[in-house]
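Scroll down for the structure; my scribbles are underneath it.
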Amino acid sequence: MNRERSLDTFGAFANEDLDSIRPEYDFVKYQEELAGLEKKIRVIKHAISMFNVNTVLPNMDGLTIDQALVYLPQLTAQKQKLGIMARRLPKERLQNSRTTTAAVSEFCFANYDIKTAKEEYKMTVDTITALQSALDLINNTETFEIDL
């Protein structure tokens, strides 16, 4: 596509002989070539999708690659949330313009068991690690054929 973009137009001064400076460009040939490449891309992407849909990750309770690719961002978001919750103190003094001038301090209290949040955080990190390892194993050991 870049090659075609560099050839489908050209610049010239008004007094130049256009035929002598015109780059070689065959519109029909390029369209056919691009169509062939786009078809190969569709075939390859479909084959990868089918592999991902049908390949079950080892030791992951029947989870397929395509499910894992959705699950990983979910786990990452959960890890971020739990990380904040796990680092929170049971009681924290609020620092804002209203409380700095007040005679009585205002506090924010954790409304959950921080120890449980830390445990959930660790389990989430362990799940992410196991899932990434399972995906790495498949990516490094499995092959499949694509008929182009």
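By convention here, the chains of the structure tokens are called A, B, ... in the order presented, each chain's residues are numbered starting at 1, and ligands are numbered starting at 1 in the order presented.
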(request) Please return as a PyMOL selection string: the residues of range 9-85 of chain A that backbone DSSP assigns to helix (DSSP H, G or I). (result) chain A and resi 18-21+27-54+65-85
(request) Mind checking which residues fall within 12 Å of Arg42 in chain A, counting only C-alpha atoms, ignoring those fewer than 6 positions away in the same chain, and posting them as a PyMOL selection string? (result) chain A and resi 35-36+48-49+146-148
Let's have the selection written as a compact mmCIF listing (two decimals), in the first residue's frame, with N, CA, C and O atoms.
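Wrote it out as again12.txt, contents follow:
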# COMPACT_ATOMS: atom_id res chain seq x y z
N ALA A 35 -5.61 -7.02 -3.43
CA ALA A 35 -6.75 -7.90 -3.16
C ALA A 35 -6.26 -9.29 -2.74
O ALA A 35 -6.81 -9.90 -1.82
N GLY A 36 -5.23 -9.77 -3.41
CA GLY A 36 -4.66 -11.08 -3.05
C GLY A 36 -4.06 -11.07 -1.66
O GLY A 36 -4.25 -12.02 -0.89
N ILE A 48 -6.08 -18.15 12.82
CA ILE A 48 -5.65 -17.83 14.19
C ILE A 48 -6.86 -17.79 15.12
O ILE A 48 -6.82 -18.33 16.23
N SER A 49 -7.94 -17.16 14.66
CA SER A 49 -9.16 -17.10 15.48
C SER A 49 -9.69 -18.50 15.79
O SER A 49 -10.06 -18.79 16.93
N ILE A 146 -1.84 -23.46 7.77
CA ILE A 146 -2.79 -22.54 7.12
C ILE A 146 -2.68 -22.77 5.62
O ILE A 146 -1.60 -22.67 5.04
N ASP A 147 -3.80 -23.10 5.02
CA ASP A 147 -3.82 -23.35 3.58
C ASP A 147 -4.07 -22.03 2.85
O ASP A 147 -5.17 -21.50 2.85
N LEU A 148 -2.99 -21.51 2.26
CA LEU A 148 -3.10 -20.26 1.50
C LEU A 148 -3.19 -20.57 0.02
O LEU A 148 -3.32 -19.82 -0.82
(request) Calculate how many Å separate CA of Phe107 in chain A from CA of Tyr121 in chain A, rounding to one decimal. (result)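 Going from CA of Phe107 in chain A over to CA of Tyr121 in chain A covers 24.7 Å.
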(request) Based on DSSP run over this structure's backbone, return all residues of chain A in strand (DSSP E or B), as a VMD selection string. (result) chain A and resid 56 64 91 to 93 107 to 109
(message) Calculated over only C-alpha atoms, which of the candidates A:Ile84, A:Leu57, A:Asn139, A:Gln78 has the smallest distance to Met123 in chain A?
(response)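 The closest residue to Met123 in chain A is A:Gln78.
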Can you pull out every residue within 12 Å of Leu63 in chain A, counting only C-alpha atoms, but drop anything in the same chain fewer than 4 positions away, and send it as a PDB file with N, CA, C and O atoms, in the first residue's frame?
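around28.pdb, freshly written:
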ATOM      1  N   ASN A  52      -7.505 -20.138  18.308  1.00  0.00           N
ATOM      2  CA  ASN A  52      -7.747 -19.565  19.634  1.00  0.00           C
ATOM      3  C   ASN A  52      -9.069 -20.033  20.234  1.00  0.00           C
ATOM      4  O   ASN A  52      -9.171 -20.237  21.443  1.00  0.00           O
ATOM      5  N   VAL A  53     -10.078 -20.213  19.404  1.00  0.00           N
ATOM      6  CA  VAL A  53     -11.390 -20.661  19.883  1.00  0.00           C
ATOM      7  C   VAL A  53     -11.351 -22.130  20.288  1.00  0.00           C
ATOM      8  O   VAL A  53     -12.012 -22.533  21.245  1.00  0.00           O
ATOM      9  N   ASN A  54     -10.566 -22.926  19.573  1.00  0.00           N
ATOM     10  CA  ASN A  54     -10.584 -24.374  19.783  1.00  0.00           C
ATOM     11  C   ASN A  54      -9.464 -24.918  20.655  1.00  0.00           C
ATOM     12  O   ASN A  54      -9.491 -26.087  21.013  1.00  0.00           O
ATOM     13  N   THR A  55      -8.489 -24.118  21.001  1.00  0.00           N
ATOM     14  CA  THR A  55      -7.357 -24.606  21.783  1.00  0.00           C
ATOM     15  C   THR A  55      -7.569 -24.308  23.259  1.00  0.00           C
ATOM     16  O   THR A  55      -7.695 -23.157  23.666  1.00  0.00           O
ATOM     17  N   VAL A  56      -7.598 -25.385  24.035  1.00  0.00           N
ATOM     18  CA  VAL A  56      -7.791 -25.277  25.486  1.00  0.00           C
ATOM     19  C   VAL A  56      -6.421 -25.167  26.150  1.00  0.00           C
ATOM     20  O   VAL A  56      -5.503 -25.916  25.829  1.00  0.00           O
ATOM     21  N   LEU A  57      -6.306 -24.234  27.069  1.00  0.00           N
ATOM     22  CA  LEU A  57      -5.045 -24.043  27.778  1.00  0.00           C
ATOM     23  C   LEU A  57      -4.845 -25.150  28.809  1.00  0.00           C
ATOM     24  O   LEU A  57      -5.796 -25.552  29.484  1.00  0.00           O
ATOM     25  N   PRO A  58      -3.604 -25.631  28.948  1.00  0.00           N
ATOM     26  CA  PRO A  58      -3.342 -26.694  29.922  1.00  0.00           C
ATOM     27  C   PRO A  58      -3.514 -26.186  31.360  1.00  0.00           C
ATOM     28  O   PRO A  58      -3.124 -25.070  31.685  1.00  0.00           O
ATOM     29  N   ASN A  59      -4.114 -27.013  32.177  1.00  0.00           N
ATOM     30  CA  ASN A  59      -4.288 -26.745  33.617  1.00  0.00           C
ATOM     31  C   ASN A  59      -5.060 -25.460  33.909  1.00  0.00           C
ATOM     32  O   ASN A  59      -4.808 -24.789  34.907  1.00  0.00           O
ATOM     33  N   GLN A  67     -10.911 -17.140  25.281  1.00  0.00           N
ATOM     34  CA  GLN A  67     -11.453 -16.746  26.587  1.00  0.00           C
ATOM     35  C   GLN A  67     -10.361 -16.102  27.441  1.00  0.00           C
ATOM     36  O   GLN A  67     -10.610 -15.106  28.124  1.00  0.00           O
ATOM     37  N   ALA A  68      -9.168 -16.662  27.383  1.00  0.00           N
ATOM     38  CA  ALA A  68      -8.053 -16.122  28.164  1.00  0.00           C
ATOM     39  C   ALA A  68      -7.706 -14.704  27.727  1.00  0.00           C
ATOM     40  O   ALA A  68      -7.360 -13.855  28.564  1.00  0.00           O
ATOM     41  N   LEU A  69      -7.820 -14.431  26.433  1.00  0.00           N
ATOM     42  CA  LEU A  69      -7.501 -13.094  25.931  1.00  0.00           C
ATOM     43  C   LEU A  69      -8.528 -12.049  26.392  1.00  0.00           C
ATOM     44  O   LEU A  69      -8.224 -10.857  26.423  1.00  0.00           O
ATOM     45  N   VAL A  70      -9.708 -12.495  26.756  1.00  0.00           N
ATOM     46  CA  VAL A  70     -10.707 -11.600  27.346  1.00  0.00           C
ATOM     47  C   VAL A  70     -10.499 -11.531  28.859  1.00  0.00           C
ATOM     48  O   VAL A  70     -10.621 -10.470  29.471  1.00  0.00           O
ATOM     49  N   TYR A  71     -10.168 -12.665  29.445  1.00  0.00           N
ATOM     50  CA  TYR A  71     -10.009 -12.779  30.898  1.00  0.00           C
ATOM     51  C   TYR A  71      -8.812 -11.976  31.424  1.00  0.00           C
ATOM     52  O   TYR A  71      -8.891 -11.370  32.502  1.00  0.00           O
ATOM     53  N   LEU A  72      -7.716 -11.953  30.674  1.00  0.00           N
ATOM     54  CA  LEU A  72      -6.513 -11.246  31.143  1.00  0.00           C
ATOM     55  C   LEU A  72      -6.753  -9.754  31.433  1.00  0.00           C
ATOM     56  O   LEU A  72      -6.361  -9.283  32.505  1.00  0.00           O
ATOM     57  N   LEU A 131      -1.988 -17.884  33.968  1.00  0.00           N
ATOM     58  CA  LEU A 131      -2.624 -17.720  32.662  1.00  0.00           C
ATOM     59  C   LEU A 131      -1.605 -17.293  31.605  1.00  0.00           C
ATOM     60  O   LEU A 131      -1.570 -17.839  30.496  1.00  0.00           O
ATOM     61  N   ALA A 134       0.541 -20.289  30.751  1.00  0.00           N
ATOM     62  CA  ALA A 134      -0.165 -21.240  29.892  1.00  0.00           C
ATOM     63  C   ALA A 134      -0.209 -20.729  28.449  1.00  0.00           C
ATOM     64  O   ALA A 134      -0.001 -21.502  27.500  1.00  0.00           O
ATOM     65  N   LEU A 135      -0.462 -19.443  28.280  1.00  0.00           N
ATOM     66  CA  LEU A 135      -0.457 -18.871  26.932  1.00  0.00           C
ATOM     67  C   LEU A 135       0.934 -18.936  26.307  1.00  0.00           C
ATOM     68  O   LEU A 135       1.080 -19.276  25.126  1.00  0.00           O
TER      69      LEU A 135
END
(request) Give the answer as one residue: which of A:Asn140, A:Phe27, A:Asp19, A:Thr129 has the shortest atom-to-atom distance to Met1 in chain A, using only C-alpha atoms? (result)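 For Met1 in chain A, the nearest of the given residues is A:Phe27.
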(message) Please list as a PyMOL selection string every residue within 12 Å of Gly83 in chain A, counting only C-alpha atoms and excluding residues in the same chain fewer than 4 positions away.
(response) chain A and resi 75-79+87-88+114-125
Could the residues in this selection be written to a file with C-alpha atoms, as a JSON list (two decimals), in the first residue's frame?
[["chain", "number", "residue", "atom", "x", "y", "z"],
["A", 75, "LEU", "CA", -7.91, -9.80, 35.80],
["A", 76, "THR", "CA", -5.59, -6.85, 35.26],
["A", 77, "ALA", "CA", -8.37, -4.40, 36.14],
["A", 78, "GLN", "CA", -9.23, -6.50, 39.19],
["A", 79, "LYS", "CA", -5.55, -6.54, 40.23],
["A", 87, "ARG", "CA", -2.73, -0.79, 50.45],
["A", 88, "ARG", "CA", -5.46, 1.19, 52.15],
["A", 114, "ILE", "CA", -8.03, -5.34, 54.31],
["A", 115, "LYS", "CA", -6.41, -8.71, 54.99],
["A", 116, "THR", "CA", -8.98, -10.37, 52.72],
["A", 117, "ALA", "CA", -8.30, -7.77, 50.01],
["A", 118, "LYS", "CA", -4.56, -8.57, 50.25],
["A", 119, "GLU", "CA", -5.29, -12.29, 49.90],
["A", 120, "GLU", "CA", -7.54, -11.67, 46.89],
["A", 121, "TYR", "CA", -4.85, -9.48, 45.36],
["A", 122, "LYS", "CA", -2.26, -12.26, 45.71],
["A", 123, "MET", "CA", -4.67, -14.84, 44.23],
["A", 124, "THR", "CA", -5.36, -12.53, 41.29],
["A", 125, "VAL", "CA", -1.64, -12.00, 40.64]]
Residues near Pro90 in chain A, anyone? I mean within 9 Å using only C-alpha atoms, not counting same-chain ones fewer than 3 positions away, as a CSV table (one decimal) with N, CA and C atoms, in the first residue's frame.
chain,number,residue,atom,x,y,z
A,108,CYS,N,-11.7,8.7,56.8
A,108,CYS,CA,-12.2,7.7,55.8
A,108,CYS,C,-11.9,6.3,56.4
A,109,PHE,N,-12.9,5.5,56.5
A,109,PHE,CA,-12.8,4.1,57.1
A,109,PHE,C,-12.9,3.1,56.0
A,110,ALA,N,-12.1,2.1,56.0
A,110,ALA,CA,-12.2,1.0,55.1
A,110,ALA,C,-13.4,0.2,55.5
A,111,ASN,N,-14.3,-0.1,54.6
A,111,ASN,CA,-15.6,-0.8,54.9
A,111,ASN,C,-15.5,-2.3,54.4
A,112,TYR,N,-14.3,-2.9,54.6
A,112,TYR,CA,-14.0,-4.3,54.2
A,112,TYR,C,-12.8,-4.7,55.0
A,113,ASP,N,-12.5,-6.0,55.0
A,113,ASP,CA,-11.4,-6.6,55.7
A,113,ASP,C,-10.2,-6.4,54.7
A,114,ILE,N,-9.2,-5.6,55.1
A,114,ILE,CA,-8.0,-5.3,54.3
A,114,ILE,C,-7.2,-6.6,54.1
(message) Between CA of Lys81 in chain A and CA of Gly62 in chain A, what distance in Å does the model show, to one decimal?
(response)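 Atom-to-atom, CA of Lys81 in chain A and CA of Gly62 in chain A are spaced 26.5 Å apart.
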(message) Between CA of Tyr30 in chain A and CA of Phe10 in chain A, what distance in Å does the model show, to one decimal?
(response) 16.4 Å
